[in-house]
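One file, my_file_35.txt, is given below (compact mmCIF, C-alpha atoms).
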```txt
# COMPACT_ATOMS: atom_id res chain seq x y z
CA MET A 1 215.15 37.89 278.09
CA ASN A 2 217.12 35.73 280.52
CA ARG A 3 219.42 32.83 279.69
CA ASN A 4 216.77 30.17 280.38
CA GLN A 5 214.46 31.77 277.85
CA PHE A 6 217.17 31.28 275.20
CA THR A 7 218.04 27.73 276.32
CA ILE A 8 214.58 26.16 276.04
CA PRO A 9 213.95 27.11 272.36
CA PHE A 10 217.52 26.05 271.50
CA LEU A 11 217.01 22.60 273.05
CA LEU A 12 213.72 22.22 271.23
CA LEU A 13 215.47 23.06 267.96
CA ILE A 14 218.12 20.39 268.63
CA ILE A 15 215.43 17.80 269.33
CA ILE A 16 213.53 18.70 266.16
CA LEU A 17 216.69 18.56 264.02
CA SER A 18 217.65 15.21 265.55
CA GLN A 19 214.23 13.77 264.79
CA CYS A 20 214.41 15.07 261.22
CA ARG A 21 217.81 13.45 260.80
CA GLU A 22 216.50 10.13 262.11
CA ARG A 23 213.54 10.24 259.73
CA ALA A 24 215.87 11.02 256.83
CA GLN A 25 218.10 8.06 257.77
CA GLU A 26 215.09 5.74 257.90
CA LYS A 27 214.21 6.69 254.33
CA LEU A 28 217.63 5.65 252.99
CA PRO A 29 217.44 2.41 250.97
CA LEU A 30 219.82 0.37 253.15
CA HIS A 31 218.71 1.65 256.55
CA GLY A 32 218.80 -1.22 259.04
CA ARG A 33 220.87 -3.48 256.75
CA ILE A 34 224.32 -4.84 257.60
CA VAL A 35 226.69 -5.76 254.77
CA ALA A 36 229.93 -7.60 255.51
CA ILE A 37 232.73 -6.85 253.03
CA GLU A 38 235.80 -9.04 252.60
CA ALA A 39 238.78 -7.66 250.69
CA GLY A 40 240.43 -10.92 249.72
CA HIS A 41 243.96 -11.73 250.90
CA GLU A 42 246.20 -9.32 252.78
CA PRO A 43 249.44 -7.32 252.36
CA PRO A 44 252.62 -9.41 252.09
CA LEU A 45 254.51 -10.43 255.20
CA PRO A 46 257.69 -8.42 255.94
CA ASP A 47 259.97 -10.97 254.25
CA GLN A 48 257.80 -11.33 251.13
CA PRO A 49 258.00 -9.26 247.93
CA CYS A 50 255.14 -7.09 246.72
CA HIS A 51 253.70 -8.89 243.71
CA THR A 52 250.43 -9.46 241.89
CA ASN A 53 249.25 -12.67 243.54
CA GLY A 54 248.69 -10.88 246.84
CA GLY A 55 251.80 -11.82 248.77
CA GLY A 56 249.97 -13.26 251.77
CA ALA A 57 249.92 -16.89 252.85
CA GLY A 58 247.55 -19.03 250.84
CA THR A 59 247.41 -16.85 247.73
CA SER A 60 247.24 -18.41 244.29
CA SER A 61 250.21 -18.93 242.00
CA PHE A 62 250.53 -17.45 238.55
CA SER A 63 251.96 -20.78 237.32
CA GLY A 64 254.36 -19.11 234.92
CA ALA A 65 251.96 -16.57 233.42
CA VAL A 66 253.42 -13.24 232.35
CA GLU A 67 253.19 -10.57 235.06
CA LEU A 68 251.59 -7.36 233.77
CA LEU A 69 253.14 -4.10 234.98
CA TYR A 70 251.59 -0.66 235.49
CA SER A 71 254.38 1.67 236.53
CA GLY A 72 253.13 4.77 238.36
CA ASN A 73 249.70 3.31 239.11
CA THR A 74 248.47 4.30 242.57
CA LEU A 75 248.03 0.63 243.53
CA ALA A 76 251.31 -0.64 242.09
CA CYS A 77 254.41 -1.99 243.81
CA PRO A 78 257.74 -0.28 243.04
CA ASN A 79 258.26 -2.70 240.14
CA GLY A 80 254.89 -1.75 238.61
CA ALA A 81 253.01 -4.93 239.56
CA ILE A 82 249.57 -4.35 241.09
CA PRO A 83 249.10 -6.74 244.05
CA GLU A 84 245.78 -8.51 244.37
CA HIS A 85 245.27 -7.48 247.99
CA ALA A 86 245.49 -3.79 247.02
CA LEU A 87 243.13 -4.20 244.06
CA ASN A 88 240.59 -6.05 246.21
CA GLU A 89 240.81 -3.49 249.01
CA ASP A 90 240.35 -0.54 246.66
CA ILE A 91 237.11 -1.96 245.26
CA ALA A 92 235.96 -3.02 248.73
CA ARG A 93 236.55 0.44 250.24
CA LYS A 94 234.62 2.04 247.39
CA LEU A 95 231.76 -0.39 248.00
CA GLN A 96 231.88 0.35 251.73
CA LYS A 97 231.40 4.08 251.12
CA LEU A 98 228.44 3.45 248.83
CA ILE A 99 226.74 1.10 251.30
CA GLU A 100 227.18 3.54 254.17
CA SER A 101 226.01 6.53 252.10
CA ALA A 102 222.77 4.59 251.55
CA GLY A 103 222.24 4.19 255.30
CA GLY A 104 223.62 0.67 255.64
CA LYS A 105 226.16 -0.52 258.18
CA THR A 106 229.28 -2.36 257.03
CA VAL A 107 231.52 -4.94 258.65
CA TRP A 108 235.14 -4.99 257.44
CA THR A 109 236.22 -8.63 257.77
CA ARG A 110 239.86 -8.59 256.65
CA ILE A 111 242.36 -9.32 259.41
CA GLU A 112 245.86 -8.20 258.40
CA GLU A 113 247.81 -10.28 260.93
CA ILE A 114 248.36 -13.83 259.74
CA GLU A 115 250.67 -16.70 260.60
CA PRO A 116 252.43 -17.92 257.41
CA THR A 117 251.26 -21.53 257.85
CA PRO A 118 248.24 -23.48 256.56
CA GLU A 119 246.90 -23.59 260.12
CA GLY A 120 247.39 -19.83 260.49
CA ARG A 121 245.62 -19.26 257.20
CA MET A 122 242.61 -21.35 258.27
CA SER A 123 242.44 -19.61 261.64
CA ASN A 124 242.57 -16.20 259.95
CA LEU A 125 239.76 -17.04 257.52
CA LYS A 126 237.60 -18.44 260.30
CA ALA A 127 238.12 -15.23 262.28
CA ARG A 128 237.09 -13.12 259.28
CA ALA A 129 233.85 -15.06 258.91
CA GLU A 130 233.27 -14.80 262.65
CA ARG A 131 233.39 -11.00 262.42
CA ALA A 132 230.49 -11.13 259.99
CA ASN A 133 228.65 -13.71 262.10
CA GLN A 134 229.00 -11.73 265.33
CA ALA A 135 227.71 -8.60 263.61
CA LYS A 136 224.72 -10.61 262.31
CA ALA A 137 225.39 -9.31 258.80
CA ASP A 138 222.59 -9.77 256.28
CA VAL A 139 224.97 -10.64 253.42
CA LEU A 140 228.71 -10.95 252.80
CA ILE A 141 230.48 -9.85 249.60
CA ASP A 142 233.92 -11.50 249.20
CA ILE A 143 236.01 -9.60 246.61
CA HIS A 144 238.92 -11.22 244.74
CA ALA A 145 240.78 -11.05 241.44
CA ASN A 146 241.70 -14.18 239.53
CA ALA A 147 244.90 -15.56 238.00
CA GLY A 148 245.54 -18.37 235.57
CA PRO A 149 248.35 -20.22 233.81
CA SER A 150 247.20 -18.95 230.40
CA PRO A 151 247.07 -15.26 229.42
CA ASP A 152 243.89 -16.14 227.50
CA ASP A 153 241.95 -16.89 230.70
CA SER A 154 239.60 -13.95 231.25
CA GLY A 155 236.27 -12.87 232.69
CA TYR A 156 234.58 -12.38 236.04
CA LEU A 157 233.43 -15.36 238.11
CA LEU A 158 230.77 -15.71 240.81
CA ILE A 159 231.08 -18.45 243.42
CA VAL A 160 228.67 -19.58 246.14
CA HIS A 161 229.38 -22.11 248.86
CA CYS A 162 228.66 -25.81 248.42
CA THR A 163 229.75 -28.25 251.10
CA GLY A 164 231.05 -30.67 248.50
CA VAL A 165 232.88 -33.90 249.18
CA ASP A 166 235.97 -32.36 250.80
CA SER A 167 236.40 -30.50 254.07
CA ILE A 168 236.18 -26.72 253.73
CA HIS A 169 239.50 -25.21 252.74
CA GLU A 170 240.92 -22.35 250.72
CA GLY A 171 241.94 -23.32 247.21
CA ASN A 172 239.46 -26.08 246.45
CA THR A 173 238.61 -26.32 242.74
CA PRO A 174 235.18 -24.79 241.98
CA PHE A 175 232.55 -26.99 240.38
CA ASN A 176 229.35 -26.44 238.42
CA LEU A 177 226.36 -25.60 240.61
CA GLU A 178 224.39 -28.42 239.02
CA SER A 179 226.90 -31.05 240.19
CA SER A 180 226.13 -33.48 243.00
CA GLU A 181 228.65 -31.74 245.26
CA CYS A 182 226.01 -29.04 245.87
CA ASP A 183 223.26 -31.49 246.83
CA PRO A 184 223.75 -31.16 250.63
CA ASP A 185 223.27 -27.38 250.36
CA ARG A 186 220.73 -27.02 247.58
CA GLY A 187 217.66 -26.87 249.82
CA THR A 188 219.12 -24.52 252.45
CA ARG A 189 218.13 -20.88 252.79
CA LYS A 190 221.78 -19.81 252.67
CA PHE A 191 222.37 -21.50 249.31
CA LYS A 192 219.16 -20.17 247.79
CA LYS A 193 219.76 -16.60 248.98
CA SER A 194 223.45 -16.73 247.99
CA LEU A 195 222.43 -17.80 244.51
CA GLU A 196 219.85 -15.01 244.40
CA LEU A 197 222.47 -12.43 245.40
CA ALA A 198 224.94 -13.86 242.87
CA THR A 199 222.33 -13.51 240.14
CA LYS A 200 221.80 -9.84 241.05
CA ILE A 201 225.57 -9.26 240.93
CA ASP A 202 225.81 -11.04 237.57
CA ASN A 203 223.06 -8.85 236.13
CA ARG A 204 224.90 -5.68 237.18
CA LEU A 205 228.44 -6.73 236.22
CA SER A 206 227.28 -7.91 232.79
CA GLN A 207 226.19 -4.34 231.97
CA LEU A 208 229.55 -2.69 232.72
CA THR A 209 231.44 -0.98 229.92
CA TYR A 210 234.35 1.42 230.31
CA ASN A 211 235.81 3.36 227.39
CA GLY A 212 234.34 0.74 225.08
CA GLY A 213 235.85 -2.17 227.07
CA GLN A 214 234.07 -4.88 229.03
CA ILE A 215 235.00 -7.83 231.24
CA SER A 216 232.55 -10.54 230.29
CA LYS A 217 231.46 -13.46 232.48
CA LYS A 218 233.85 -16.39 232.15
CA ARG A 219 231.12 -19.03 232.50
CA ASP A 220 228.10 -19.99 234.58
CA MET A 221 228.28 -19.59 238.36
CA TYR A 222 230.38 -21.97 240.41
CA GLY A 223 230.04 -23.76 243.71
CA ALA A 224 233.10 -24.21 245.92
CA ASP A 225 234.13 -25.41 249.36
CA PHE A 226 236.05 -22.33 250.53
CA TRP A 227 236.69 -21.42 254.15
CA LEU A 228 235.19 -17.94 254.31
CA PRO A 229 231.94 -18.53 252.40
CA GLY A 230 231.60 -21.87 254.16
CA THR A 231 231.90 -20.60 257.73
CA ALA A 232 229.89 -17.41 257.22
CA ALA A 233 226.31 -17.85 258.43
CA MET A 234 224.69 -15.43 255.98
CA PRO A 235 224.23 -15.48 252.17
CA THR A 236 227.71 -15.05 250.70
CA VAL A 237 229.05 -14.53 247.19
CA LEU A 238 232.73 -14.66 246.25
CA VAL A 239 233.30 -12.31 243.30
CA GLU A 240 236.36 -12.75 241.07
CA VAL A 241 236.30 -9.41 239.26
CA GLY A 242 238.58 -10.48 236.41
CA PHE A 243 241.89 -12.18 235.59
CA MET A 244 245.03 -10.29 236.62
CA THR A 245 246.97 -12.44 234.14
CA ASN A 246 244.85 -11.30 231.18
CA LYS A 247 245.91 -7.99 229.62
CA HIS A 248 242.40 -6.96 228.58
CA ASP A 249 240.96 -7.61 232.07
CA MET A 250 243.91 -6.10 233.90
CA ASP A 251 244.04 -2.94 231.76
CA LEU A 252 240.47 -2.27 232.88
CA LEU A 253 241.03 -3.23 236.53
CA ALA A 254 244.06 -0.92 236.68
CA GLU A 255 241.77 2.03 235.93
CA GLU A 256 240.36 3.95 238.91
CA GLY A 257 237.19 4.70 236.96
CA TYR A 258 236.54 1.06 236.18
CA ARG A 259 237.07 -0.05 239.78
CA GLN A 260 234.56 2.59 240.85
CA MET A 261 232.11 1.13 238.34
CA VAL A 262 232.65 -2.38 239.73
CA ALA A 263 231.95 -1.10 243.25
CA GLN A 264 228.85 0.69 241.95
CA ALA A 265 227.66 -2.53 240.27
CA LEU A 266 228.09 -4.49 243.51
CA TYR A 267 226.26 -1.77 245.42
CA ARG A 268 223.38 -1.78 242.93
CA ALA A 269 223.19 -5.56 243.18
CA VAL A 270 222.90 -5.31 246.97
CA LEU A 271 220.06 -2.80 246.53
CA ASP A 272 218.38 -5.14 244.04
CA TYR A 273 218.70 -8.05 246.47
CA PHE A 274 217.11 -6.25 249.41
CA GLU A 275 214.45 -4.71 247.20
CA SER A 276 213.43 -8.18 246.02
CA GLU A 277 213.15 -9.29 249.66
CA LYS A 278 210.43 -6.69 250.23
CA GLY A 279 208.28 -8.37 247.62
```
Give the structure from the file, written as structure tokens.
Amino acid sequence: MNRNQFTIPFLLLIIILSQCRERAQEKLPLHGRIVAIEAGHEPPLPDQPCHTNGGGAGTSSFSGAVELLYSGNTLACPNGAIPEHALNEDIARKLQKLIESAGGKTVWTRIEEIEPTPEGRMSNLKARAERANQAKADVLIDIHANAGPSPDDSGYLLIVHCTGVDSIHEGNTPFNLESSECDPDRGTRKFKKSLELATKIDNRLSQLTYNGGQISKKRDMYGADFWLPGTAAMPTVLVEVGFMTNKHDMDLLAEEGYRQMVAQALYRAVLDYFESEKG
């Protein structure tokens, strides 16, 4: 048998295997879907310390709350504080792997380089949203962890964009979705689909328990006039996974196993959302 006689069957086998692989991909639940993932904030600038409110420009203040320390934790700074940017990124990377394993494409929106000014912050957040817009993402999940002046503040929060009465900016105080600030957005597809996605996320997060512990919902969903959810074109939900200033919440968030469960809950919510679209 000459070389050509070997080559033709081999090429046919490659074609058949390739077609089988394509068919298998098409059967995956998120095939053809694009999910943008934002890991909130960014590593500290060179002249800033590593601490739990993220370190980057525009991050929230702990307002005197006690800083919880987890010496030896894989996400911790040398002093034992777990920075928000690292916590957010860990959950976001876990979610990214789950989305891609289900056949979906992901868009990583975080841009590390940032000018330490309000203008630089706004430009950075606009650029993050633009990454999702250019990729024509179907949805955007914006992952954060909360902080408060009282150690008693606890729970996860879900926020969707409402134009409100102020111009879009990072740090605006969230308001109840039933308030008049949401009226300009209430009838839009983006608002309705964002609320639908937020409801799916709420359903999944509310079921999480880890070693007998649970981070409960702080209160009903919020609307807010934030830069990233406001400038993103697709349905967007900002998820505050818990309070880093609350020992109960932070003890859970410091656990690798719990963060994996949070990522799994977000992934399941994305599946639920797209499954409901089929109906």
Q.
Given all atoms listed in the file as the basis, pick out the residue of A:Ala232, A:Thr74, A:Gln214, A:Tyr267 nearest to A:Ala92.
A. A:Tyr267
**Q.** Expected residue set, 8 Å radius at (235.2, -20.3, 246.3), all atoms listed in the file, as an NGL selection string
**A.** :A and (159-161 or 170-174 or 222-226 or 229 or 238)
Restricting the output to C-alpha atoms, write the selected residues as a compact mmCIF listing (two decimals), in the coordinates of the input.
```
# COMPACT_ATOMS: atom_id res chain seq x y z
CA ILE A 159 231.08 -18.45 243.42
CA VAL A 160 228.67 -19.58 246.14
CA HIS A 161 229.38 -22.11 248.86
CA GLU A 170 240.92 -22.35 250.72
CA GLY A 171 241.94 -23.32 247.21
CA ASN A 172 239.46 -26.08 246.45
CA THR A 173 238.61 -26.32 242.74
CA PRO A 174 235.18 -24.79 241.98
CA TYR A 222 230.38 -21.97 240.41
CA GLY A 223 230.04 -23.76 243.71
CA ALA A 224 233.10 -24.21 245.92
CA ASP A 225 234.13 -25.41 249.36
CA PHE A 226 236.05 -22.33 250.53
CA PRO A 229 231.94 -18.53 252.40
CA LEU A 238 232.73 -14.66 246.25
```
Q) For A:Thr245, which residue among A:Pro83, A:Pro46, A:Gly32, A:Gly257 is the nearest when counting all atoms listed in the file? A)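 Smallest distance to A:Thr245 is found for A:Pro83.
With all atoms listed in the file as the atoms that count, the residue of A:Glu277, A:Glu112, A:Glu42, A:Asp220 with the shortest distance to A:Leu87 is A:Glu42.
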Q. How many Å separate atom CA of A:Ser179 from atom CA of A:Met221?
A.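 Computing the Euclidean distance for atom CA of A:Ser179 and atom CA of A:Met221 yields 11.7 Å.
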Q) In Å, how far is it from atom CA of A:Glu38 to atom CA of A:Val107? A) 8.5 Å
Take stretch 250-267 of chain A, model N, CA and C atoms, and hand the result over as a short mmCIF file (atom, residue, chain, number, x, y, z; two decimals), in the frame of the given file.
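File rebuild.cif, as written:
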```cif
data_model
loop_
_atom_site.label_atom_id
_atom_site.label_comp_id
_atom_site.auth_asym_id
_atom_site.auth_seq_id
_atom_site.Cartn_x
_atom_site.Cartn_y
_atom_site.Cartn_z
N MET A 250 243.09 -6.86 232.96
CA MET A 250 243.91 -6.10 233.90
C MET A 250 244.03 -4.64 233.49
N ASP A 251 244.02 -4.34 232.19
CA ASP A 251 244.04 -2.94 231.76
C ASP A 251 242.82 -2.20 232.28
N LEU A 252 241.68 -2.89 232.33
CA LEU A 252 240.47 -2.27 232.88
C LEU A 252 240.56 -2.16 234.40
N LEU A 253 240.97 -3.23 235.07
CA LEU A 253 241.03 -3.23 236.53
C LEU A 253 242.06 -2.23 237.07
N ALA A 254 243.05 -1.90 236.26
CA ALA A 254 244.06 -0.92 236.68
C ALA A 254 243.51 0.50 236.67
N GLU A 255 242.36 0.69 236.03
CA GLU A 255 241.77 2.03 235.93
C GLU A 255 240.89 2.35 237.14
N GLU A 256 241.16 3.48 237.77
CA GLU A 256 240.36 3.95 238.91
C GLU A 256 238.88 4.02 238.55
N GLY A 257 238.59 4.55 237.38
CA GLY A 257 237.19 4.70 236.96
C GLY A 257 236.48 3.37 236.82
N TYR A 258 237.18 2.37 236.32
CA TYR A 258 236.54 1.06 236.18
C TYR A 258 236.29 0.42 237.54
N ARG A 259 237.26 0.54 238.44
CA ARG A 259 237.07 -0.05 239.78
C ARG A 259 235.89 0.61 240.49
N GLN A 260 235.71 1.91 240.27
CA GLN A 260 234.56 2.59 240.85
C GLN A 260 233.26 2.02 240.26
N MET A 261 233.29 1.71 238.98
CA MET A 261 232.11 1.13 238.34
C MET A 261 231.81 -0.27 238.87
N VAL A 262 232.85 -1.05 239.15
CA VAL A 262 232.65 -2.38 239.73
C VAL A 262 232.00 -2.25 241.11
N ALA A 263 232.53 -1.32 241.93
CA ALA A 263 231.95 -1.10 243.25
C ALA A 263 230.50 -0.66 243.14
N GLN A 264 230.21 0.21 242.16
CA GLN A 264 228.85 0.69 241.95
C GLN A 264 227.94 -0.47 241.54
N ALA A 265 228.45 -1.38 240.71
CA ALA A 265 227.66 -2.53 240.27
C ALA A 265 227.34 -3.44 241.46
N LEU A 266 228.32 -3.67 242.32
CA LEU A 266 228.09 -4.49 243.51
C LEU A 266 227.08 -3.83 244.43
N TYR A 267 227.20 -2.53 244.58
CA TYR A 267 226.26 -1.77 245.42
C TYR A 267 224.84 -1.87 244.86
#
```
